[in-house]
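Colleague: Below you'll find structure_11.cif; it's mmCIF, C-alpha atoms.
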```cif
data_run
#
loop_
_atom_site.label_atom_id
_atom_site.label_comp_id
_atom_site.auth_asym_id
_atom_site.auth_seq_id
_atom_site.Cartn_x
_atom_site.Cartn_y
_atom_site.Cartn_z
CA MET M 7 -19.86 -3.73 -17.51
CA LYS M 8 -21.26 -7.27 -17.85
CA LYS M 9 -18.81 -8.43 -15.19
CA LEU M 10 -19.88 -5.67 -12.81
CA ILE M 11 -23.57 -6.50 -13.38
CA ALA M 12 -22.93 -10.20 -12.76
CA ILE M 13 -21.03 -9.48 -9.54
CA SER M 14 -23.78 -7.08 -8.39
CA VAL M 15 -26.45 -9.73 -8.95
CA LEU M 16 -24.37 -12.28 -7.07
CA PHE M 17 -23.97 -9.87 -4.17
CA ALA M 18 -27.70 -9.16 -4.11
CA LEU M 19 -28.55 -12.86 -3.85
CA VAL M 20 -26.08 -13.59 -1.09
CA VAL M 21 -26.71 -10.39 0.87
CA GLY M 22 -30.45 -10.96 0.67
CA ALA M 23 -30.07 -14.37 2.31
CA ALA M 24 -27.49 -13.39 4.90
CA PHE M 25 -28.11 -9.73 5.72
CA ALA M 26 -30.24 -10.59 8.75
CA GLU M 27 -27.08 -11.88 10.40
CA ALA M 28 -24.77 -9.14 9.08
CA THR M 29 -22.46 -7.24 11.39
CA LEU M 30 -22.51 -3.51 10.62
CA GLY M 31 -19.62 -1.21 11.44
CA GLY M 32 -17.84 1.85 10.22
CA THR M 33 -15.34 4.65 10.71
CA LEU M 34 -15.26 8.40 10.28
CA GLN M 35 -11.78 9.91 9.95
CA ILE M 36 -11.04 13.61 9.69
CA GLY M 37 -7.56 15.14 9.61
CA MET M 38 -6.74 18.85 9.64
CA ASN M 39 -3.60 20.96 9.24
CA LEU M 40 -3.37 23.55 12.00
CA LEU M 41 -0.29 25.30 10.51
CA ASN M 42 2.12 24.37 7.71
CA GLY M 43 4.85 25.91 5.60
CA ARG M 44 8.41 25.49 4.29
CA THR M 45 11.82 26.99 4.98
CA GLU M 46 13.02 27.92 1.48
CA GLY M 47 11.49 29.36 -1.67
CA THR M 48 9.68 32.53 -2.64
CA ASP M 49 7.83 34.62 -0.07
CA ASP M 50 4.61 32.88 -1.10
CA ASP M 51 6.26 29.46 -0.67
CA LYS M 52 7.41 30.30 2.85
CA GLU M 53 4.14 31.87 3.97
CA VAL M 54 2.63 30.06 6.95
CA VAL M 55 -0.78 28.61 6.08
CA MET M 56 -3.45 27.97 8.67
CA GLY M 57 -6.22 25.39 8.40
CA GLY M 58 -7.26 23.12 5.57
CA ILE M 59 -8.50 19.55 5.47
CA GLY M 60 -5.59 17.13 5.23
CA PHE M 61 -7.66 13.95 5.01
CA HIS M 62 -11.21 12.80 5.51
CA GLU M 63 -12.96 9.50 4.99
CA ALA M 64 -16.26 7.92 5.95
CA LYS M 65 -16.64 4.16 5.69
CA ILE M 66 -19.57 1.83 6.39
CA SER M 67 -19.12 -1.93 6.13
CA ALA M 68 -21.33 -5.00 6.45
CA VAL M 69 -19.79 -8.42 7.16
CA PHE M 70 -22.05 -11.43 6.73
CA GLY M 71 -21.93 -15.23 6.60
CA ASP M 72 -19.89 -17.85 8.44
CA ALA M 73 -16.82 -20.05 7.88
CA LYS M 74 -18.45 -21.84 4.95
CA GLY M 75 -19.56 -18.78 3.03
CA GLY M 76 -20.23 -15.07 3.24
CA GLY M 77 -18.64 -11.80 2.34
CA LYS M 78 -18.19 -8.12 2.98
CA LEU M 79 -19.72 -5.00 1.46
CA VAL M 80 -18.14 -1.56 1.97
CA PHE M 81 -19.14 2.02 1.07
CA VAL M 82 -16.39 4.65 1.27
CA ALA M 83 -16.49 8.43 0.79
CA SER M 84 -12.99 9.89 0.95
CA ASP M 85 -10.81 12.84 0.07
CA PRO M 86 -7.21 11.65 0.50
CA ASN M 87 -5.71 14.64 -1.31
CA GLY M 88 -7.13 17.23 1.05
CA GLU M 89 -9.49 18.95 -1.41
CA SER M 90 -12.25 20.83 0.35
CA TYR M 91 -15.63 19.07 0.46
CA ALA M 92 -17.41 22.42 0.48
CA LEU M 93 -15.66 23.53 -2.73
CA ASN M 94 -15.67 20.31 -4.68
CA GLY M 95 -18.59 18.28 -3.44
CA PHE M 96 -19.13 14.63 -4.30
CA SER M 97 -17.47 14.56 -7.70
CA GLY M 98 -16.64 10.87 -7.75
CA ALA M 99 -13.75 11.82 -10.01
CA PRO M 100 -11.11 9.11 -10.49
CA ASP M 101 -8.32 11.71 -10.50
CA GLY M 102 -8.81 12.31 -6.78
CA LYS M 103 -10.15 15.87 -7.09
CA GLY M 104 -13.01 16.40 -4.70
CA THR M 105 -14.65 13.74 -2.59
CA THR M 106 -14.91 10.33 -4.23
CA ILE M 107 -17.43 7.62 -3.41
CA GLN M 108 -16.41 4.00 -3.80
CA THR M 109 -18.17 0.71 -3.26
CA TRP M 110 -16.36 -2.59 -3.03
CA GLY M 111 -17.00 -6.04 -1.72
CA PHE M 112 -16.41 -9.74 -2.12
CA ILE M 113 -18.05 -13.11 -1.60
CA TYR M 114 -16.30 -16.29 -0.49
CA TRP M 115 -17.34 -19.94 -0.41
CA GLN M 116 -15.57 -22.86 1.27
CA PRO M 117 -17.47 -26.05 0.40
CA LEU M 118 -14.60 -28.28 1.61
CA PRO M 119 -11.96 -27.87 4.31
CA GLN M 120 -9.34 -28.18 1.54
CA PHE M 121 -10.82 -25.64 -0.91
CA ARG M 122 -11.95 -22.00 -0.79
CA MET M 123 -12.87 -19.54 -3.53
CA GLN M 124 -13.52 -15.80 -3.53
CA ILE M 125 -14.67 -13.26 -6.12
CA GLY M 126 -14.88 -9.48 -6.00
CA ILE M 127 -12.73 -6.71 -4.57
CA ASN M 128 -11.12 -6.63 -1.14
CA ALA M 129 -9.49 -3.20 -0.96
CA ASP M 130 -7.99 -4.16 2.43
CA GLY M 131 -6.01 -6.84 0.58
CA ASP M 132 -5.64 -10.62 0.75
CA PHE M 133 -2.56 -12.83 1.18
CA GLY M 134 0.01 -10.02 1.58
CA ALA M 135 3.22 -11.09 3.36
CA ALA M 136 4.25 -7.75 4.91
CA ASN M 137 3.24 -8.54 8.49
CA ILE M 138 5.26 -5.70 10.06
CA THR M 139 6.59 -3.47 7.29
CA GLY M 140 3.27 -2.80 5.53
CA TRP M 141 -0.07 -1.49 6.78
CA GLY M 142 0.56 -2.81 10.27
CA PHE M 143 3.57 -0.56 10.85
CA LEU M 144 1.31 2.45 11.41
CA GLY M 145 -2.14 0.88 11.22
CA PRO M 146 -5.07 3.34 11.36
CA ASP M 147 -2.72 6.11 12.59
CA LYS M 148 -1.73 6.85 8.99
CA ASN M 149 -5.33 7.84 8.24
CA SER M 150 -5.35 10.46 11.00
CA SER M 151 -3.09 12.98 9.20
CA ALA M 152 -0.92 13.05 12.35
CA ALA M 153 1.31 10.21 11.08
CA LEU M 154 2.92 10.58 7.66
CA SER M 155 1.31 8.05 5.35
CA ASP M 156 3.28 5.55 3.24
CA TYR M 157 1.27 6.84 0.27
CA LYS M 158 2.53 10.40 0.48
CA HIS M 159 4.48 11.47 -2.63
CA TRP M 160 3.07 8.42 -4.45
CA GLY M 161 5.45 7.07 -7.10
CA ASN M 162 8.29 9.51 -6.37
CA GLU M 163 11.45 7.39 -6.27
CA LYS M 164 13.19 9.99 -4.09
CA SER M 165 10.45 9.91 -1.46
CA TYR M 166 11.22 8.62 2.04
CA CYS M 167 8.35 6.12 1.65
CA TYR M 168 8.73 4.95 -1.98
CA LEU M 169 9.92 1.41 -1.21
CA PHE M 170 7.26 1.09 1.52
CA GLN M 171 4.54 1.50 -1.15
CA SER M 172 3.62 -2.12 -1.85
CA GLY M 173 1.55 -1.64 -5.01
CA GLY M 174 4.08 -3.17 -7.40
CA ARG M 175 7.00 -0.82 -6.71
CA PRO M 176 10.15 -2.36 -8.29
CA GLY M 177 12.21 -3.52 -5.31
CA HIS M 178 9.47 -3.68 -2.65
CA PRO M 179 10.61 -6.93 -0.98
CA PHE M 180 7.32 -8.27 0.44
CA TYR M 181 4.61 -10.01 -1.59
CA PRO M 182 1.80 -7.43 -1.80
CA GLY M 183 -1.13 -9.82 -2.35
CA THR M 184 -4.36 -8.53 -3.85
CA GLY M 185 -5.54 -4.92 -3.80
CA ASP M 186 -8.46 -2.74 -4.86
CA TRP M 187 -9.06 -4.53 -8.17
CA ILE M 188 -11.51 -7.22 -9.25
CA ASN M 189 -10.14 -10.73 -8.94
CA LEU M 190 -11.07 -14.37 -8.67
CA ASN M 191 -8.93 -16.32 -6.23
CA PHE M 192 -8.75 -19.93 -5.08
CA SER M 193 -7.08 -21.38 -1.99
CA LEU M 194 -6.03 -24.98 -1.40
CA PHE M 195 -5.26 -26.45 2.05
CA PRO M 196 -3.46 -29.74 1.28
CA VAL M 197 -2.02 -30.32 4.78
CA ASP M 198 -2.20 -28.66 8.18
CA GLY M 199 -0.46 -25.31 8.14
CA MET M 200 -0.13 -25.08 4.34
CA ARG M 201 -2.15 -22.77 2.10
CA ILE M 202 -1.71 -22.27 -1.66
CA ASN M 203 -3.38 -19.19 -3.16
CA PHE M 204 -4.07 -18.57 -6.86
CA VAL M 205 -5.14 -15.06 -7.96
CA PHE M 206 -6.58 -14.19 -11.38
CA PRO M 207 -7.40 -10.49 -12.05
CA MET M 208 -10.64 -10.22 -14.02
CA PHE M 209 -9.97 -7.37 -16.44
CA GLY M 210 -10.77 -7.88 -20.10
CA GLY M 211 -9.63 -5.85 -23.06
CA THR M 212 -10.80 -2.30 -22.35
CA TRP M 213 -9.12 -1.67 -19.01
CA THR M 214 -6.52 1.09 -19.17
CA ALA M 215 -4.57 0.16 -16.06
CA TRP M 216 -3.68 -2.95 -14.12
CA PRO M 217 -2.50 -3.59 -10.57
CA ASN M 218 1.12 -4.55 -11.11
CA GLY M 219 2.50 -1.08 -11.76
CA GLY M 220 4.65 0.24 -14.57
CA GLY M 221 2.21 1.43 -17.20
CA THR M 222 -1.23 1.30 -18.71
CA ARG M 223 -2.92 -0.94 -21.23
CA ASP M 224 -5.84 -0.32 -23.59
CA ASP M 225 -6.81 -3.13 -25.92
CA GLY M 226 -10.29 -1.87 -26.67
CA ALA M 227 -9.60 -1.69 -30.42
CA LYS M 228 -8.37 -5.28 -30.43
CA GLY M 229 -11.20 -6.73 -28.38
CA ALA M 230 -10.87 -8.61 -25.13
CA LYS M 231 -7.69 -10.54 -24.47
CA LYS M 232 -7.56 -14.27 -24.92
CA ALA M 233 -7.93 -16.12 -21.64
CA GLY M 234 -4.43 -17.61 -21.84
CA ASP M 235 -2.80 -14.22 -22.39
CA GLN M 236 -4.85 -12.66 -19.59
CA ILE M 237 -3.68 -15.32 -17.12
CA LEU M 238 -0.03 -15.13 -18.19
CA GLU M 239 0.03 -11.34 -17.94
CA ASP M 240 -1.57 -10.86 -14.53
CA PHE M 241 -1.77 -14.01 -12.42
CA GLN M 242 -0.31 -14.54 -8.93
CA ILE M 243 0.54 -17.67 -6.96
CA ASN M 244 1.42 -17.74 -3.27
CA PHE M 245 2.59 -20.64 -1.05
CA ARG M 246 2.32 -20.16 2.71
CA TYR M 247 3.33 -22.60 5.44
CA ALA M 248 2.76 -21.92 9.11
CA ILE M 249 5.34 -23.64 11.31
CA GLU M 250 3.82 -24.21 14.72
CA GLU M 251 5.38 -22.06 17.46
CA VAL M 252 7.96 -20.69 15.00
CA GLY M 253 6.45 -18.52 12.26
CA VAL M 254 5.22 -18.39 8.67
CA ALA M 255 7.21 -19.01 5.47
CA SER M 256 5.98 -17.70 2.12
CA LEU M 257 7.00 -18.08 -1.56
CA SER M 258 5.21 -16.13 -4.30
CA PHE M 259 5.27 -15.20 -7.97
CA VAL M 260 3.52 -12.16 -9.49
CA ALA M 261 3.28 -11.78 -13.26
CA ARG M 262 3.91 -8.17 -14.28
CA GLY M 263 2.42 -8.03 -17.76
CA GLY M 264 5.31 -9.10 -19.99
CA LEU M 265 5.00 -12.88 -20.29
CA ALA M 266 2.18 -13.46 -22.79
CA ASP M 267 2.34 -13.32 -26.59
CA GLY M 268 1.41 -9.84 -27.74
CA ALA M 269 1.88 -8.45 -24.24
CA ASP M 270 3.14 -4.95 -23.50
CA LYS M 271 6.89 -5.49 -23.92
CA SER M 272 7.66 -2.44 -21.79
CA ALA M 273 6.13 -4.25 -18.80
CA ARG M 274 8.18 -6.35 -16.41
CA ALA M 275 8.02 -10.11 -16.82
CA GLY M 276 7.40 -10.86 -13.17
CA ASP M 277 8.73 -10.89 -9.62
CA LEU M 278 9.72 -13.79 -7.34
CA TYR M 279 9.20 -13.29 -3.58
CA ALA M 280 10.42 -15.16 -0.49
CA GLN M 281 9.44 -14.14 3.06
CA PHE M 282 9.68 -15.44 6.60
CA TYR M 283 7.79 -14.11 9.61
CA LEU M 284 9.23 -15.10 13.02
CA ASN M 285 6.83 -14.82 15.95
CA SER M 286 8.11 -17.44 18.40
CA ILE M 287 10.12 -15.16 20.72
CA THR M 288 8.25 -13.42 23.53
CA GLY M 289 8.18 -9.67 22.93
CA ILE M 290 9.95 -9.89 19.55
CA LYS M 291 8.61 -10.33 16.02
CA VAL M 292 10.75 -10.28 12.86
CA ASP M 293 9.79 -10.04 9.17
CA PHE M 294 12.35 -10.85 6.46
CA GLY M 295 11.69 -10.45 2.74
CA LEU M 296 13.37 -10.86 -0.65
CA VAL M 297 12.23 -10.05 -4.17
CA TYR M 298 13.95 -10.70 -7.47
CA GLY M 299 12.70 -9.02 -10.63
CA LEU M 300 13.00 -11.44 -13.52
CA PRO M 301 15.17 -10.10 -16.37
CA TRP M 302 13.97 -10.05 -19.98
CA LYS M 303 14.54 -8.27 -23.29
CA ASN M 304 11.97 -5.98 -24.85
CA GLU M 305 11.10 -5.58 -28.54
CA GLN M 306 14.21 -3.43 -29.07
CA ASP M 307 16.35 -6.23 -27.58
CA LYS M 308 17.23 -4.05 -24.61
CA GLU M 309 17.86 -5.50 -21.15
CA ASN M 310 15.30 -4.91 -18.40
CA ASP M 311 15.20 -5.45 -14.65
CA GLY M 312 17.03 -8.19 -12.77
CA PHE M 313 16.88 -6.09 -9.57
CA LEU M 314 17.09 -7.45 -6.02
CA GLY M 315 15.06 -6.12 -3.11
CA ILE M 316 15.78 -6.93 0.55
CA GLY M 317 13.58 -6.03 3.52
CA LEU M 318 13.63 -6.38 7.30
CA GLY M 319 10.98 -5.50 9.84
CA ALA M 320 11.04 -5.98 13.61
CA ILE M 321 8.94 -5.22 16.69
CA TYR M 322 10.24 -5.22 20.24
CA SER M 323 7.58 -4.93 22.96
CA ALA M 324 8.22 -4.52 26.69
CA ASP M 325 5.17 -2.79 28.10
CA PRO M 326 4.92 0.23 28.28
CA PHE M 327 7.67 0.54 25.60
CA GLU M 328 7.50 -0.63 22.01
CA ILE M 329 9.87 -0.14 19.08
CA LYS M 330 9.01 -0.83 15.44
CA PHE M 331 11.73 -0.90 12.79
CA ARG M 332 11.69 -1.45 9.04
CA ALA M 333 14.33 -1.14 6.33
CA MET M 334 14.28 -1.87 2.60
CA VAL M 335 17.03 -1.90 -0.02
CA ARG M 336 16.91 -2.15 -3.83
CA VAL M 337 20.07 -2.84 -5.82
CA GLY M 338 20.87 -3.74 -9.43
CA GLY M 339 18.51 -3.96 -12.36
CA LYS M 340 18.08 -2.28 -15.72
CA ASN M 341 15.25 -0.62 -17.60
CA SER M 342 15.85 -0.58 -21.38
CA ASP M 343 19.60 -0.98 -20.80
CA VAL M 344 19.59 1.93 -18.29
CA ASP M 345 20.66 1.06 -14.73
CA LEU M 346 18.03 1.41 -12.02
CA ASN M 347 18.94 3.74 -9.17
CA ASP M 348 19.84 2.00 -5.90
CA LEU M 349 17.60 2.83 -2.93
CA VAL M 350 17.84 2.47 0.86
CA THR M 351 14.83 3.35 3.04
CA VAL M 352 14.63 3.11 6.85
CA GLY M 353 11.79 3.79 9.28
CA LEU M 354 11.71 3.74 13.11
CA ARG M 355 8.74 4.20 15.44
CA PRO M 356 9.40 4.00 19.21
CA SER M 357 6.41 4.52 21.49
CA TYR M 358 5.63 4.85 25.19
CA LYS M 359 2.19 4.11 26.66
CA ILE M 360 1.51 6.56 29.49
CA ASN M 361 -1.72 4.70 30.24
CA ASN M 362 -4.55 3.03 28.32
CA ASP M 363 -5.75 6.43 27.11
CA LEU M 364 -2.49 8.11 26.00
CA ILE M 365 0.40 6.91 23.83
CA ILE M 366 3.38 8.99 22.64
CA TYR M 367 5.05 8.07 19.32
CA LEU M 368 8.43 9.23 17.97
CA TYR M 369 8.20 8.34 14.28
CA GLY M 370 11.00 9.07 11.81
CA GLY M 371 13.19 7.75 9.03
CA PHE M 372 15.34 8.47 5.98
CA ASN M 373 16.07 7.32 2.45
CA ILE M 374 19.25 7.30 0.38
CA TRP M 375 18.87 7.68 -3.38
CA MET M 376 22.00 6.53 -5.24
CA SER M 377 22.11 7.61 -8.87
CA LYS M 378 23.02 4.81 -11.28
CA ALA M 379 21.02 5.90 -14.33
CA ASN M 380 23.11 9.08 -14.56
CA PRO M 381 26.59 8.74 -12.96
CA ASN M 382 26.95 12.54 -13.07
CA ASN M 383 24.21 12.95 -10.48
CA ASP M 384 25.12 13.05 -6.80
CA ASP M 385 23.63 10.66 -4.27
CA GLU M 386 20.90 12.32 -2.21
CA ILE M 387 19.36 11.85 1.22
CA GLY M 388 15.80 12.56 2.31
CA TRP M 389 14.47 12.37 5.86
CA PHE M 390 11.43 12.93 8.06
CA ILE M 391 10.71 13.43 11.77
CA ASN M 392 7.15 12.94 12.95
CA PRO M 393 6.37 12.79 16.71
CA TYR M 394 2.65 12.48 17.50
CA ILE M 395 0.24 11.44 20.25
CA TRP M 396 -2.74 9.06 20.36
CA VAL M 397 -5.56 9.78 22.82
CA ARG M 398 -8.58 7.62 23.62
CA ALA M 399 -11.13 10.40 23.93
CA SER M 400 -14.12 8.09 24.46
CA GLU M 401 -15.23 4.53 23.76
CA GLY M 402 -15.22 4.98 19.97
CA LEU M 403 -13.34 8.26 19.53
CA ARG M 404 -9.56 8.65 19.05
CA PHE M 405 -7.69 11.96 18.88
CA PHE M 406 -4.32 12.44 17.15
CA ALA M 407 -1.95 15.41 17.00
CA GLY M 408 1.66 15.78 15.95
CA ILE M 409 4.50 17.66 14.28
CA GLN M 410 5.93 16.79 10.86
CA LEU M 411 9.30 17.84 9.43
CA ASN M 412 10.55 16.39 6.17
CA SER M 413 13.07 17.05 3.44
CA LEU M 414 12.71 15.15 0.17
CA ALA M 415 15.79 13.98 -1.67
CA GLY M 416 16.31 16.26 -4.67
CA GLU M 417 14.06 19.06 -3.35
CA TYR M 418 16.09 22.29 -3.46
CA PHE M 419 15.37 25.97 -4.00
CA LEU M 420 17.66 27.88 -6.37
CA ASP M 421 17.96 31.47 -5.14
CA GLU M 422 18.89 34.58 -7.14
CA SER M 423 22.60 33.84 -6.64
CA TYR M 424 22.13 30.31 -7.97
CA ASN M 425 22.73 28.82 -4.56
CA GLU M 426 20.93 25.55 -3.86
CA LYS M 427 19.14 25.52 -0.51
CA LYS M 428 17.61 22.37 0.92
CA ILE M 429 13.86 22.75 1.45
CA ILE M 430 12.40 21.62 4.79
CA ASN M 431 8.63 21.21 4.88
CA TRP M 432 6.81 21.45 8.21
CA ASN M 433 3.29 20.81 9.36
CA ILE M 434 1.25 20.68 12.61
CA PRO M 435 -1.62 18.26 11.98
CA PHE M 436 -4.38 16.87 14.17
CA GLY M 437 -7.36 14.62 13.58
CA PHE M 438 -10.09 12.37 14.89
CA ASN M 439 -10.98 8.75 14.14
CA PHE M 440 -14.42 7.59 15.22
CA TYR M 441 -15.33 3.87 15.20
CA PHE M 442 -18.79 2.34 15.50
#
```
Kindly transcribe the structure held in the file into structure tokens.
Modeller:
Amino acid sequence: MKKLIAISVLFALVVGAAFAEATLGGTLQIGMNLLNGRTEGTDDDKEVVMGGIGFHEAKISAVFGDAKGGGKLVFVASDPNGESYALNGFSGAPDGKGTTIQTWGFIYWQPLPQFRMQIGINADGDFGAANITGWGFLGPDKNSSAALSDYKHWGNEKSYCYLFQSGGRPGHPFYPGTGDWINLNFSLFPVDGMRINFVFPMFGGTWTAWPNGGGTRDDGAKGAKKAGDQILEDFQINFRYAIEEVGVASLSFVARGGLADGADKSARAGDLYAQFYLNSITGIKVDFGLVYGLPWKNEQDKENDGFLGIGLGAIYSADPFEIKFRAMVRVGGKNSDVDLNDLVTVGLRPSYKINNDLIIYLYGGFNIWMSKANPNNDDEIGWFINPYIWVRASEGLRFFAGIQLNSLAGEYFLDESYNEKKIINWNIPFGFNFYF
């Protein structure tokens, strides 16, 4: 609480001095399901449903300052799980039920050309190395309900978007950078083109979750963690070097909670990342990424991790055509002496621009889940097909509509004769994004 009060006071001082020059903006995003259903299951399961909010979010942001110092302050009201505003109201519940209201922001200061510091929360992220395969693959389309979001089926290893979820997923091959958690970060600029970033999450002893995935932590009974342990458990370091007219190379390390004395021994030790972004060829951009999960032994002397993740993203543009491609693979690794399942995930999004006001997208992909933890299990395939359109309805208004078909790996219906039938889910969504 003291940290939040201190940050609030700091924001008040800076905003008070700079708000006269602030740039205000915002978005309103509403997604609806026209019709949806599934092909297998009970009669109730297969019943066609009409209507229902699939997604809605309102965001207002203020950007202030200049190159030497400033920040951003954002207010967000959202309902990503599709709960009805009329039924649930503004609950602010952290479990996602009902509409939640969030406030986040950060302040930066660059007193020297070679040094920059920042404190606060940037939920849009800093320093991430997924130039093509991450948020930019779909961009704001994923918030329209028309395009299947990478965050659908969050945490389900058999999902067609599991490896695309960058929030610490074991095997995600691109350095994720910061996220929606409080941190203090420093950047050094020793030579032209080089940037070194240091990130220190500012948690303390009573937090029950941390950003690197794989568990929770509650040290309230023990008091706040020692500074050394806090740094060893959660810090990040990222080296970036921009090669003129070629691309950007990146090396990173993210501590995953298991390095410090007295740390949660069920947590991973850390991940090493290497990425290269090629942007020197006209009409072509390529993203290549690797991650290696450091192996270690837990308190029961059991082997953990040692996985390898490989990723490739590419964009080919030849107006009016564009093709985006991404693929990620995870192989190897153990968790308490149990083999991790191997994963392959592929996404493809061709598009054709009819004119400046209409674009047609043919989005789709698949994942292969290969059972290693239990050799008796069969390998399984999931897939999705998601064509949709983008329409510039007016200066600030965008309209989306599409069709979604998907079949999750491992999702079957067992009928009365004990026959397994693959379930296909379908949906006809549409939505509006308004920018001001």
Colleague: Please write the residues picked by the PyMOL selection byres ((chain M and resi 323) around 10) on this file as a PDB file with C-alpha atoms, keeping the file's coordinate frame.
Modeller:
```
ATOM      1  CA  THR M 288       8.250 -13.420  23.530  1.00  0.00           C
ATOM      2  CA  GLY M 289       8.180  -9.670  22.930  1.00  0.00           C
ATOM      3  CA  ILE M 290       9.950  -9.890  19.550  1.00  0.00           C
ATOM      4  CA  LYS M 291       8.610 -10.330  16.020  1.00  0.00           C
ATOM      5  CA  ILE M 321       8.940  -5.220  16.690  1.00  0.00           C
ATOM      6  CA  TYR M 322      10.240  -5.220  20.240  1.00  0.00           C
ATOM      7  CA  ALA M 324       8.220  -4.520  26.690  1.00  0.00           C
ATOM      8  CA  ASP M 325       5.170  -2.790  28.100  1.00  0.00           C
ATOM      9  CA  PRO M 326       4.920   0.230  28.280  1.00  0.00           C
ATOM     10  CA  PHE M 327       7.670   0.540  25.600  1.00  0.00           C
ATOM     11  CA  GLU M 328       7.500  -0.630  22.010  1.00  0.00           C
ATOM     12  CA  ILE M 329       9.870  -0.140  19.080  1.00  0.00           C
ATOM     13  CA  LYS M 330       9.010  -0.830  15.440  1.00  0.00           C
ATOM     14  CA  PRO M 356       9.400   4.000  19.210  1.00  0.00           C
ATOM     15  CA  SER M 357       6.410   4.520  21.490  1.00  0.00           C
TER      16      SER M 357
END
```
Colleague: Determine the nearest neighbour of Gly370 of chain M from the options M:Tyr166, M:Ala261, M:Phe121, M:Met334, counting all atoms listed in the file.
Modeller: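 Of the candidates, the smallest distance to Gly370 of chain M is held by M:Tyr166.
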Colleague: Check which residues satisfy the PyMOL selection byres ((chain M and resi 251) around 12) in the file shown, then give them as a list in words.
Modeller: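 In the shown coordinates, the PyMOL selection byres ((chain M and resi 251) around 12) covers Gly199, Ala248, Ile249, Glu250, Val252, Gly253, Val254, Tyr283, Leu284, Asn285, Ser286, Ile287 and Thr288 of chain M.
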Colleague: In Å, how far is it from atom CA of Leu318 of chain M to atom CA of Asn412 of chain M?
Modeller: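 Straight-line distance from atom CA of Leu318 of chain M to atom CA of Asn412 of chain M works out to 23.0 Å.
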Colleague: Could you expand the PyMOL selection byres ((chain M and resi 241) around 6) into the explicit residues it covers here, written as a list in words?
Modeller: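 Checking the PyMOL selection byres ((chain M and resi 241) around 6) against this file, the residues are Val205, Phe206, Ile237, Asp240, Gln242 and Ala261 of chain M.
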Colleague: Please produce a file of those selected residues containing C-alpha atoms, as an mmCIF file, keeping the file's coordinate frame.
Modeller:
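Heads up, here's the output in part01.cif:
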```
data_model
loop_
_atom_site.group_PDB
_atom_site.id
_atom_site.type_symbol
_atom_site.label_atom_id
_atom_site.label_comp_id
_atom_site.auth_asym_id
_atom_site.auth_seq_id
_atom_site.Cartn_x
_atom_site.Cartn_y
_atom_site.Cartn_z
ATOM 1 C CA VAL M 205 -5.140 -15.060 -7.960
ATOM 2 C CA PHE M 206 -6.580 -14.190 -11.380
ATOM 3 C CA ILE M 237 -3.680 -15.320 -17.120
ATOM 4 C CA ASP M 240 -1.570 -10.860 -14.530
ATOM 5 C CA GLN M 242 -0.310 -14.540 -8.930
ATOM 6 C CA ALA M 261 3.280 -11.780 -13.260
#
```
Colleague: Residues near segment 338-351 of chain M, anyone? I mean within 10 Å using all atoms listed in the file, not counting same-chain ones fewer than 3 positions away, as a compact mmCIF listing (two decimals) with C-alpha atoms, in the coordinates of the input.
Modeller:
```txt
# COMPACT_ATOMS: atom_id res chain seq x y z
CA GLU M 163 11.45 7.39 -6.27
CA LYS M 164 13.19 9.99 -4.09
CA SER M 165 10.45 9.91 -1.46
CA TYR M 166 11.22 8.62 2.04
CA CYS M 167 8.35 6.12 1.65
CA TYR M 168 8.73 4.95 -1.98
CA LEU M 169 9.92 1.41 -1.21
CA PHE M 170 7.26 1.09 1.52
CA PRO M 176 10.15 -2.36 -8.29
CA GLY M 177 12.21 -3.52 -5.31
CA SER M 272 7.66 -2.44 -21.79
CA ALA M 273 6.13 -4.25 -18.80
CA ARG M 274 8.18 -6.35 -16.41
CA TYR M 298 13.95 -10.70 -7.47
CA GLY M 299 12.70 -9.02 -10.63
CA LEU M 300 13.00 -11.44 -13.52
CA PRO M 301 15.17 -10.10 -16.37
CA TRP M 302 13.97 -10.05 -19.98
CA LYS M 303 14.54 -8.27 -23.29
CA ASN M 304 11.97 -5.98 -24.85
CA GLU M 305 11.10 -5.58 -28.54
CA GLN M 306 14.21 -3.43 -29.07
CA ASP M 307 16.35 -6.23 -27.58
CA LYS M 308 17.23 -4.05 -24.61
CA GLU M 309 17.86 -5.50 -21.15
CA ASN M 310 15.30 -4.91 -18.40
CA ASP M 311 15.20 -5.45 -14.65
CA GLY M 312 17.03 -8.19 -12.77
CA PHE M 313 16.88 -6.09 -9.57
CA LEU M 314 17.09 -7.45 -6.02
CA GLY M 315 15.06 -6.12 -3.11
CA ILE M 316 15.78 -6.93 0.55
CA GLY M 317 13.58 -6.03 3.52
CA ARG M 332 11.69 -1.45 9.04
CA ALA M 333 14.33 -1.14 6.33
CA MET M 334 14.28 -1.87 2.60
CA VAL M 335 17.03 -1.90 -0.02
CA GLY M 371 13.19 7.75 9.03
CA PHE M 372 15.34 8.47 5.98
CA ASN M 373 16.07 7.32 2.45
CA ILE M 374 19.25 7.30 0.38
CA TRP M 375 18.87 7.68 -3.38
CA MET M 376 22.00 6.53 -5.24
CA SER M 377 22.11 7.61 -8.87
CA LYS M 378 23.02 4.81 -11.28
CA ALA M 379 21.02 5.90 -14.33
CA ASN M 380 23.11 9.08 -14.56
CA PRO M 381 26.59 8.74 -12.96
CA ASP M 385 23.63 10.66 -4.27
CA ILE M 387 19.36 11.85 1.22
CA GLY M 388 15.80 12.56 2.31
CA TRP M 389 14.47 12.37 5.86
```
Colleague: Considering all atoms listed in the file, state which residue in the set M:Ile127, M:Ala28, M:Gln410, M:Asp156 is at the smallest distance from Ile188 of chain M.
Modeller: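 Checking each candidate against Ile188 of chain M, we get M:Ile127 as the closest.
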